[in-house]
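For reference, entry_5.csv (CSV, C-alpha atoms):
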chain,number,residue,atom,x,y,z
A,180,MET,CA,106.4,132.6,99.7
A,181,LEU,CA,110.1,131.8,99.4
A,182,HIS,CA,112.6,134.0,101.2
A,183,GLN,CA,115.7,132.9,99.4
A,184,ASP,CA,117.3,133.2,95.9
A,185,THR,CA,116.7,129.7,94.5
A,186,GLY,CA,119.6,130.4,92.0
A,187,GLU,CA,122.0,130.5,95.0
A,188,ARG,CA,120.6,127.9,97.3
A,189,PRO,CA,118.1,125.1,97.4
A,190,PHE,CA,114.8,125.5,99.3
A,191,ILE,CA,114.6,121.7,99.9
A,192,VAL,CA,117.1,118.9,99.6
A,193,PHE,CA,116.0,115.3,99.3
A,194,TRP,CA,118.7,112.8,100.4
A,195,GLU,CA,118.1,109.2,99.5
A,196,VAL,CA,120.0,107.8,102.5
A,197,THR,CA,119.6,104.2,101.3
A,198,ARG,CA,117.9,102.4,98.5
A,199,ALA,CA,117.0,99.4,100.7
A,200,CYS,CA,113.3,98.9,101.4
A,201,GLY,CA,111.1,96.0,102.5
A,202,LEU,CA,108.4,97.0,99.9
A,203,ALA,CA,108.4,96.6,96.2
A,204,CYS,CA,106.1,99.4,95.0
A,205,ARG,CA,105.0,99.4,91.4
A,206,HIS,CA,105.7,103.1,91.0
A,207,CYS,CA,109.0,103.3,92.9
A,208,ARG,CA,111.3,106.0,91.5
A,209,ALA,CA,114.3,104.3,93.1
A,210,SER,CA,113.5,100.7,92.0
A,211,ALA,CA,114.3,99.9,95.7
A,212,VAL,CA,115.9,96.6,96.7
A,213,PRO,CA,115.9,94.6,99.9
A,214,GLN,CA,119.6,95.0,100.8
A,215,ARG,CA,121.6,98.1,101.5
A,216,ASP,CA,124.3,99.1,99.0
A,217,PRO,CA,127.8,98.9,100.4
A,218,PHE,CA,128.7,102.0,98.5
A,219,GLU,CA,126.1,104.2,100.2
A,220,LEU,CA,127.4,107.5,101.7
A,221,THR,CA,129.1,106.7,105.0
A,222,THR,CA,128.1,108.5,108.2
A,223,ALA,CA,131.1,110.8,107.9
A,224,GLU,CA,130.2,111.7,104.3
A,225,GLY,CA,126.6,112.3,105.3
A,226,MET,CA,127.8,114.6,108.1
A,227,ARG,CA,129.7,116.6,105.6
A,228,VAL,CA,126.6,117.0,103.4
A,229,ILE,CA,124.8,118.3,106.4
A,230,ASP,CA,127.6,120.7,107.3
A,231,ASP,CA,127.6,122.1,103.8
A,232,LEU,CA,123.8,122.8,103.9
A,233,ALA,CA,124.0,124.3,107.3
A,234,ALA,CA,126.8,126.6,106.2
A,235,LEU,CA,124.4,128.2,103.7
A,236,GLY,CA,123.0,130.1,106.7
A,237,SER,CA,119.4,131.2,107.4
A,238,PRO,CA,117.0,130.3,105.9
A,239,ARG,CA,118.5,126.9,105.7
A,240,PRO,CA,117.2,124.2,103.3
A,241,ILE,CA,114.7,121.7,104.5
A,242,LEU,CA,116.4,118.3,104.6
A,243,VAL,CA,114.2,115.3,103.7
A,244,LEU,CA,115.7,112.0,104.5
A,245,THR,CA,114.1,109.5,102.1
A,246,GLY,CA,114.9,106.2,100.4
A,247,GLY,CA,114.2,103.4,99.8
A,248,ASP,CA,113.3,103.3,103.5
A,249,PRO,CA,115.5,105.6,105.6
A,250,PHE,CA,114.7,103.5,108.6
A,251,GLU,CA,117.0,100.9,107.1
A,252,ARG,CA,120.0,103.0,108.1
A,253,PRO,CA,121.3,102.2,111.5
A,254,ASP,CA,122.9,105.7,111.9
A,255,LEU,CA,119.6,107.6,111.0
A,256,VAL,CA,119.3,109.0,114.5
A,257,ASP,CA,122.9,110.4,114.4
A,258,LEU,CA,122.2,112.0,111.1
A,259,VAL,CA,119.0,113.6,112.3
A,260,ARG,CA,120.6,114.8,115.5
A,261,HIS,CA,123.5,116.4,113.7
A,262,ALA,CA,121.2,118.1,111.1
A,263,SER,CA,118.8,119.4,113.7
A,264,ALA,CA,121.7,120.7,115.9
A,265,SER,CA,123.1,122.4,112.8
A,266,GLY,CA,119.8,124.3,112.3
A,267,LEU,CA,118.3,122.3,109.4
A,268,PRO,CA,114.6,121.5,109.5
A,269,VAL,CA,114.5,117.7,109.2
A,270,ALA,CA,111.7,115.6,107.7
A,271,LEU,CA,111.5,111.8,107.3
A,272,SER,CA,109.9,109.9,104.5
A,273,PRO,CA,109.8,106.3,105.7
A,274,SER,CA,108.2,103.2,104.2
A,275,VAL,CA,105.4,101.6,106.3
A,276,THR,CA,107.2,98.4,107.3
A,277,PRO,CA,108.0,96.8,110.7
A,278,ASN,CA,110.8,99.3,111.0
A,279,LEU,CA,108.3,102.1,111.6
A,280,THR,CA,107.8,101.6,115.4
A,281,ARG,CA,106.7,103.9,118.2
A,282,ALA,CA,110.1,103.7,119.8
A,283,ARG,CA,112.0,104.7,116.7
A,284,LEU,CA,109.7,107.6,116.0
A,285,GLU,CA,110.0,108.8,119.5
A,286,THR,CA,113.8,108.6,119.3
A,287,LEU,CA,113.9,110.5,116.0
A,288,ARG,CA,111.5,113.1,117.3
A,289,ASP,CA,113.7,113.7,120.3
A,290,ALA,CA,116.7,113.9,118.0
A,291,GLY,CA,115.1,116.8,116.2
A,292,ALA,CA,112.9,115.4,113.3
A,293,SER,CA,109.7,117.5,113.1
A,294,ALA,CA,107.8,116.1,110.1
A,295,VAL,CA,107.0,112.7,108.6
A,296,SER,CA,105.5,112.0,105.2
A,297,LEU,CA,103.7,108.8,104.5
A,298,SER,CA,102.4,107.5,101.2
A,299,LEU,CA,98.7,106.6,100.7
A,300,ASP,CA,97.9,105.7,97.1
A,301,GLY,CA,94.4,104.4,97.5
A,302,ALA,CA,91.3,104.8,99.6
A,303,SER,CA,90.8,101.1,99.6
A,304,PRO,CA,93.2,98.3,100.8
A,305,ASP,CA,92.9,96.7,97.4
A,306,THR,CA,94.2,99.8,95.5
A,307,HIS,CA,96.9,100.7,97.9
A,308,ASP,CA,98.2,97.2,98.7
A,309,SER,CA,98.3,96.3,95.0
A,310,ILE,CA,100.7,99.3,94.4
A,311,ARG,CA,102.8,98.5,97.5
A,312,GLY,CA,103.1,94.8,96.7
A,313,ILE,CA,102.3,93.6,100.2
A,314,ALA,CA,98.9,92.9,101.7
A,315,GLY,CA,98.0,94.9,104.9
A,316,VAL,CA,100.1,98.0,104.1
A,317,HIS,CA,97.0,100.1,103.8
A,318,ARG,CA,95.8,99.2,107.3
A,319,ASP,CA,99.3,99.7,108.7
A,320,THR,CA,99.6,103.1,107.0
A,321,LEU,CA,96.4,104.4,108.6
A,322,ALA,CA,97.8,103.2,112.0
A,323,ALA,CA,101.2,104.8,111.3
A,324,ALA,CA,99.5,108.1,110.4
A,325,ALA,CA,97.6,108.1,113.7
A,326,LEU,CA,100.8,107.3,115.6
A,327,VAL,CA,102.8,110.1,113.8
A,328,ARG,CA,100.2,112.7,114.8
A,329,GLU,CA,100.0,111.3,118.3
A,330,LEU,CA,103.7,111.8,118.7
A,331,GLY,CA,103.5,115.5,117.7
A,332,TYR,CA,105.0,115.3,114.2
A,333,ARG,CA,103.6,117.3,111.3
A,334,LEU,CA,102.1,114.7,109.0
A,335,GLN,CA,102.2,114.9,105.2
A,336,ILE,CA,100.4,112.4,103.1
A,337,ASN,CA,101.7,111.8,99.6
A,338,THR,CA,99.5,110.3,96.9
A,339,THR,CA,100.7,109.3,93.5
A,340,VAL,CA,97.9,109.9,91.0
A,341,ALA,CA,97.5,107.8,87.9
A,342,ALA,CA,94.7,106.2,86.0
A,343,HIS,CA,94.3,103.3,88.5
A,344,ASN,CA,93.4,105.5,91.5
A,345,VAL,CA,92.3,108.9,90.3
A,346,HIS,CA,88.6,108.1,91.0
A,347,GLU,CA,89.4,107.5,94.7
A,348,LEU,CA,90.7,111.0,95.3
A,349,PRO,CA,87.5,112.3,97.0
A,350,ASP,CA,87.5,109.3,99.4
A,351,LEU,CA,91.2,110.0,100.2
A,352,LEU,CA,90.3,113.6,100.8
A,353,ALA,CA,87.7,112.7,103.3
A,354,TRP,CA,90.2,110.5,105.2
A,355,VAL,CA,92.9,113.2,105.0
A,356,ILE,CA,90.5,115.7,106.6
A,357,ASP,CA,89.5,113.4,109.4
A,358,ALA,CA,93.1,112.4,110.1
A,359,ASP,CA,94.1,116.1,110.6
A,360,VAL,CA,96.8,115.9,108.1
A,361,SER,CA,99.1,119.0,107.9
A,362,LEU,CA,99.6,118.8,104.1
A,363,TRP,CA,98.3,116.6,101.3
A,364,SER,CA,100.7,116.3,98.3
A,365,LEU,CA,99.4,114.9,95.0
A,366,PHE,CA,102.2,113.6,92.9
A,367,LEU,CA,101.4,113.4,89.2
A,368,LEU,CA,103.1,110.3,88.0
A,369,VAL,CA,106.4,110.6,86.1
A,370,PRO,CA,107.1,107.4,84.2
A,371,THR,CA,110.5,106.7,85.6
A,372,GLY,CA,111.9,103.8,87.6
A,373,ARG,CA,109.1,101.2,88.2
A,374,GLY,CA,106.6,104.0,87.5
A,375,THR,CA,106.7,103.1,83.8
A,376,GLN,CA,104.4,100.2,84.7
A,377,LEU,CA,101.5,102.6,85.5
A,378,THR,CA,99.3,104.6,83.2
A,379,SER,CA,99.6,108.4,83.5
A,380,LEU,CA,96.5,110.6,83.1
A,381,ALA,CA,95.8,112.5,79.9
A,382,SER,CA,96.6,116.2,80.0
A,383,ASP,CA,92.9,117.2,80.2
A,384,GLU,CA,92.4,114.8,83.1
A,385,VAL,CA,95.4,116.3,84.9
A,386,GLU,CA,93.8,119.8,84.4
A,387,ASP,CA,90.6,118.5,85.9
A,388,VAL,CA,92.4,117.0,88.9
A,389,LEU,CA,94.3,120.2,89.5
A,390,HIS,CA,91.1,122.4,89.3
A,391,TRP,CA,89.4,120.0,91.8
A,392,LEU,CA,92.5,120.1,94.1
A,393,HIS,CA,92.4,123.9,94.1
A,394,GLU,CA,88.6,123.8,94.9
A,395,VAL,CA,89.2,121.6,98.0
A,396,GLY,CA,92.3,123.6,99.1
A,397,GLU,CA,90.2,125.3,101.8
A,398,LEU,CA,89.3,121.9,103.4
A,399,VAL,CA,93.0,120.8,103.8
A,400,PRO,CA,96.3,122.4,102.8
A,401,THR,CA,97.4,120.9,99.5
A,402,LYS,CA,100.4,120.9,97.2
A,403,THR,CA,101.5,119.1,94.1
A,404,THR,CA,104.7,117.3,93.1
A,405,GLU,CA,105.7,117.3,89.4
A,406,ALA,CA,102.7,119.4,88.5
A,407,PRO,CA,104.0,123.0,88.6
A,408,GLN,CA,101.1,124.0,86.4
A,409,PHE,CA,99.1,124.1,89.6
A,410,ARG,CA,100.7,127.6,90.1
A,411,ARG,CA,99.6,128.7,86.6
A,412,LEU,CA,96.1,127.4,87.3
A,413,ALA,CA,95.9,129.2,90.7
A,414,MET,CA,96.8,132.5,89.1
A,415,GLN,CA,94.3,132.0,86.3
A,416,ARG,CA,91.5,131.3,88.8
A,417,SER,CA,92.3,134.3,91.0
A,418,GLY,CA,89.6,137.0,90.8
A,419,VAL,CA,87.4,135.0,88.3
A,420,ASP,CA,83.7,135.2,89.3
A,421,ASP,CA,82.3,132.4,87.2
A,422,LEU,CA,84.9,129.8,87.3
A,423,ASP,CA,82.9,127.1,85.5
A,424,ALA,CA,82.2,129.5,82.6
A,425,GLU,CA,85.9,130.4,82.3
A,426,PHE,CA,87.2,126.9,82.9
A,427,PRO,CA,84.5,124.4,81.9
A,428,PRO,CA,84.8,121.2,84.0
A,429,GLY,CA,85.5,118.0,82.2
A,430,PRO,CA,83.9,114.6,83.0
A,431,LEU,CA,86.6,113.8,85.6
A,432,ARG,CA,86.2,117.0,87.5
A,433,ARG,CA,82.4,116.7,87.5
A,434,GLU,CA,82.8,113.2,88.9
A,435,LEU,CA,85.3,114.2,91.6
A,436,ARG,CA,83.1,117.1,92.6
A,437,ALA,CA,80.0,115.0,92.9
A,438,ARG,CA,81.7,112.4,95.0
A,439,THR,CA,83.3,115.1,97.2
A,440,GLN,CA,79.8,116.5,97.9
A,441,GLN,CA,78.6,113.1,99.0
A,442,LEU,CA,81.5,112.6,101.4
A,443,VAL,CA,82.4,116.0,102.8
A,444,ALA,CA,79.8,118.0,104.8
A,445,ASP,CA,79.1,121.6,103.9
A,446,THR,CA,79.6,122.5,107.5
A,447,HIS,CA,83.3,121.5,107.5
A,448,VAL,CA,85.6,124.2,108.9
A,449,LEU,CA,87.5,126.0,106.2
A,450,ARG,CA,91.3,126.4,106.5
A,451,HIS,CA,93.7,128.9,105.1
A,452,ARG,CA,94.5,128.0,101.5
A,453,ARG,CA,98.2,127.2,100.9
A,454,ARG,CA,99.8,129.1,98.1
A,455,PRO,CA,101.8,127.0,95.6
A,456,LEU,CA,105.5,127.5,96.0
A,457,SER,CA,107.6,128.4,92.9
A,458,VAL,CA,110.0,125.6,93.0
A,459,ASN,CA,111.0,123.0,90.4
A,460,ALA,CA,113.7,120.6,89.5
A,461,GLY,CA,117.0,122.4,90.0
A,462,ARG,CA,115.2,125.6,91.0
A,463,GLY,CA,114.9,125.3,94.7
A,464,VAL,CA,115.1,121.5,94.6
A,465,ALA,CA,118.1,119.2,94.7
A,466,PHE,CA,118.4,115.4,95.2
A,467,ILE,CA,121.2,113.3,96.5
A,468,ASP,CA,121.1,109.6,95.8
A,469,HIS,CA,122.4,106.9,98.2
A,470,ARG,CA,125.9,106.9,96.6
A,471,GLY,CA,126.1,110.7,96.7
A,472,THR,CA,125.3,111.6,93.1
A,473,ILE,CA,123.4,114.8,92.8
A,474,TYR,CA,120.3,115.3,90.5
A,475,PRO,CA,118.0,118.3,89.9
A,476,SER,CA,115.2,116.1,91.4
A,477,GLY,CA,114.6,112.5,92.3
A,478,PHE,CA,112.5,112.2,89.1
A,479,LEU,CA,115.0,113.7,86.7
A,480,PRO,CA,117.7,111.1,86.2
A,481,LEU,CA,120.4,113.4,84.8
A,482,PRO,CA,123.4,113.5,87.2
A,483,VAL,CA,125.0,116.8,88.0
A,484,GLY,CA,128.0,115.7,90.1
A,485,SER,CA,128.9,114.0,93.4
A,486,VAL,CA,129.1,115.2,96.9
A,487,LYS,CA,132.2,113.1,97.2
A,488,GLU,CA,133.9,115.4,94.8
A,489,ARG,CA,132.5,118.8,95.7
A,490,PRO,CA,129.9,120.1,98.1
A,491,LEU,CA,126.3,120.1,96.9
A,492,SER,CA,126.1,123.9,97.4
A,493,GLU,CA,128.8,124.4,94.7
A,494,TRP,CA,127.3,122.0,92.2
A,495,TYR,CA,123.9,123.6,92.7
A,496,ARG,CA,125.2,127.1,91.9
A,497,THR,CA,127.6,126.2,89.1
A,498,SER,CA,126.1,123.2,87.2
A,499,PRO,CA,125.2,124.0,83.6
A,500,LEU,CA,122.2,121.8,83.9
A,501,MET,CA,121.0,123.3,87.1
A,502,ASN,CA,121.4,126.8,85.6
A,503,ALA,CA,119.6,125.8,82.4
A,504,LEU,CA,116.7,124.5,84.4
A,505,ARG,CA,116.4,127.8,86.3
A,506,ASP,CA,116.2,129.8,83.0
A,507,PRO,CA,112.7,129.3,81.4
A,508,ASP,CA,113.7,131.6,78.6
A,509,HIS,CA,115.8,128.7,77.3
A,510,PHE,CA,113.0,126.1,77.3
A,511,THR,CA,111.8,124.7,74.0
A,512,GLY,CA,108.4,124.1,72.5
A,513,LYS,CA,105.4,125.9,73.9
A,514,CYS,CA,107.0,126.2,77.3
A,515,SER,CA,109.5,128.6,75.7
A,516,VAL,CA,106.8,131.2,74.9
A,517,CYS,CA,104.3,130.5,77.7
A,518,GLU,CA,103.4,133.6,79.7
A,519,PHE,CA,103.5,131.5,82.8
A,520,ARG,CA,106.9,129.9,82.3
A,521,HIS,CA,108.6,131.9,85.1
A,522,VAL,CA,106.0,130.9,87.7
A,523,CYS,CA,105.3,127.4,86.4
A,524,GLY,CA,108.0,126.1,84.1
A,525,GLY,CA,106.3,122.7,83.5
A,526,SER,CA,107.6,119.5,84.9
A,527,ARG,CA,111.2,119.2,83.7
A,528,SER,CA,111.2,115.5,84.9
A,529,ARG,CA,108.1,114.7,82.8
A,530,ALA,CA,109.5,116.6,79.8
A,531,PHE,CA,112.7,114.5,80.0
A,532,ALA,CA,110.7,111.2,80.4
A,533,ALA,CA,108.6,112.0,77.3
A,534,SER,CA,111.2,113.4,74.9
A,535,GLY,CA,114.7,113.1,76.4
A,536,ASP,CA,114.9,116.9,76.6
A,537,PRO,CA,114.7,118.3,80.1
A,538,LEU,CA,114.0,121.8,78.6
A,539,GLY,CA,111.1,120.6,76.4
A,540,ASP,CA,107.3,120.5,76.7
A,541,ASP,CA,105.5,119.0,79.7
A,542,PRO,CA,103.0,116.6,78.0
A,543,ALA,CA,100.7,116.8,81.1
A,544,CYS,CA,99.9,120.4,80.5
A,545,PRO,CA,97.2,121.2,78.0
A,546,TYR,CA,97.5,125.0,78.2
A,547,VAL,CA,98.1,126.7,74.9
A,548,PRO,CA,100.1,129.9,75.3
A,549,THR,CA,99.0,133.1,73.6
A,550,GLY,CA,100.3,133.2,70.1
A,551,TRP,CA,101.6,129.6,70.1
A,552,SER,CA,101.5,127.7,66.9
A,553,ARG,CA,103.4,124.6,65.8
Written as structure tokens, that's how I'd like the structure from this file.
Amino acid sequence: MLHQDTGERPFIVFWEVTRACGLACRHCRASAVPQRDPFELTTAEGMRVIDDLAALGSPRPILVLTGGDPFERPDLVDLVRHASASGLPVALSPSVTPNLTRARLETLRDAGASAVSLSLDGASPDTHDSIRGIAGVHRDTLAAAALVRELGYRLQINTTVAAHNVHELPDLLAWVIDADVSLWSLFLLVPTGRGTQLTSLASDEVEDVLHWLHEVGELVPTKTTEAPQFRRLAMQRSGVDDLDAEFPPGPLRRELRARTQQLVADTHVLRHRRRPLSVNAGRGVAFIDHRGTIYPSGFLPLPVGSVKERPLSEWYRTSPLMNALRDPDHFTGKCSVCEFRHVCGGSRSRAFAASGDPLGDDPACPYVPTGWSR
């Protein structure tokens, strides 16, 4: 449940503090590189971004410091300390490299960071390491996750889902449960950056994955990234007695279910199901790249403006693109008439990647709205 007007202020802001990273992941949105860009936002410019967000008042946006690898920035502790002292909830999204040490995590925790997200894109080393481009990263990620939990951070695990790893989701689920993860986020691939090298799921497969994810939502808190139709699906399932009759499972969902039953004991303690939040690119979400350019999200490469020219809060409220993305009645194709357009809205990033129109159809959604015909 959001407690702010997403037309006036973002719920969450992702700041790509650097594009430098020691990994070369095949699905990297940023197409990260080994060295830092000399035109990155300076410390002083970053402090002004933080001050602008803090001035929005309560509830202040969540600030996620991402990259590249944010641990490549030598002033990261200063940024975290300033943001935390200003009242911003601060989360870190580091890469699993030698930079991710106990000492640095302890220092950042003491500076005010409260959550860490790590990427785990396969249940097996072969799958994960082939995506990350370096052998041993799977092993190191499991160790990093244990360390993050030991140090008292909330731990989010991010999994990019595509054709190469979708069959490993139940095995990942079993690990996520045992690791006491605070939140598991499934990112449905958007073919942008180096992500164009991977094969996306067909729309009916996406639907199967989302139904399965909803079914396991009482085992671990779950969310989706770039799959806002998860909100539509949750509404459709609510109050339905015979879900399989209403939503017949496809081959993929049957496979995921069967594997889950093999791996997860019936006696596992159920948890409170996390309700999907109604946020989307430009609607509660904003992204700042390493040079200060603002985008509706990190996966929608349409620039809005620069924090070097005007504060993000002003761009967010006044940008024609941001306002268009917040008005589903101006969407095109079947999204324009969908009865769920105000709670879902489709992935604007995927619509743009598929057609060049950020207001167009989301090709990963198979739902046919009432009365829609081409």
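Nearest-residue note for A:Gly315: choosing from A:Leu202, A:Leu442, A:Leu271, A:Leu367, the minimum distance belongs to A:Leu202, counting only C-alpha atoms.
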For A:Pro499, list every protein, DNA or RNA residue within 12 Å, evaluated using only C-alpha atoms, and leave out those in the same chain fewer than 5 positions away; present the list as a VMD selection string. chain A and resid 186 461 475 481 to 484 493 to 494 504 to 506
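Residues within 6 Å of stretch 296-308 of chain A, counting only C-alpha atoms and excluding same-chain residues fewer than 3 positions away, are Ser272, Arg311, Gly312, Ile313, Ala314, Val316, His317, Leu334, Gln335, Ile336, Asn337, Thr338, Thr339, Glu347, Asp350 and Leu351 of chain A.
Of the residues under consideration (A:Thr497, A:Gln183, A:Thr222, A:Ser382), A:Ser382 shows the shortest atom-to-atom contact distance to A:Leu431 when counting only C-alpha atoms.
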Could you list, as a short mmCIF file (atom, residue, chain, number, x, y, z; two decimals) with C-alpha atoms, in the frame of the given file, every residue within 10 Å of stretch 392-401 of chain A, counting only C-alpha atoms and ignoring same-chain residues fewer than 3 positions away?
data_model
loop_
_atom_site.label_atom_id
_atom_site.label_comp_id
_atom_site.auth_asym_id
_atom_site.auth_seq_id
_atom_site.Cartn_x
_atom_site.Cartn_y
_atom_site.Cartn_z
CA GLN A 335 102.20 114.90 105.20
CA ILE A 336 100.40 112.40 103.10
CA LEU A 348 90.70 111.00 95.30
CA PRO A 349 87.50 112.30 97.00
CA LEU A 352 90.30 113.60 100.80
CA ALA A 353 87.70 112.70 103.30
CA VAL A 355 92.90 113.20 105.00
CA ILE A 356 90.50 115.70 106.60
CA ASP A 357 89.50 113.40 109.40
CA ASP A 359 94.10 116.10 110.60
CA VAL A 360 96.80 115.90 108.10
CA SER A 361 99.10 119.00 107.90
CA LEU A 362 99.60 118.80 104.10
CA TRP A 363 98.30 116.60 101.30
CA SER A 364 100.70 116.30 98.30
CA LEU A 365 99.40 114.90 95.00
CA GLU A 386 93.80 119.80 84.40
CA ASP A 387 90.60 118.50 85.90
CA VAL A 388 92.40 117.00 88.90
CA LEU A 389 94.30 120.20 89.50
CA PHE A 409 99.10 124.10 89.60
CA ARG A 410 100.70 127.60 90.10
CA LEU A 412 96.10 127.40 87.30
CA ALA A 413 95.90 129.20 90.70
CA ARG A 416 91.50 131.30 88.80
CA ARG A 432 86.20 117.00 87.50
CA LEU A 435 85.30 114.20 91.60
CA ARG A 436 83.10 117.10 92.60
CA THR A 439 83.30 115.10 97.20
CA VAL A 443 82.40 116.00 102.80
CA HIS A 447 83.30 121.50 107.50
CA VAL A 448 85.60 124.20 108.90
CA LEU A 449 87.50 126.00 106.20
CA ARG A 450 91.30 126.40 106.50
CA HIS A 451 93.70 128.90 105.10
CA ARG A 452 94.50 128.00 101.50
CA ARG A 453 98.20 127.20 100.90
CA ARG A 454 99.80 129.10 98.10
CA PRO A 455 101.80 127.00 95.60
#
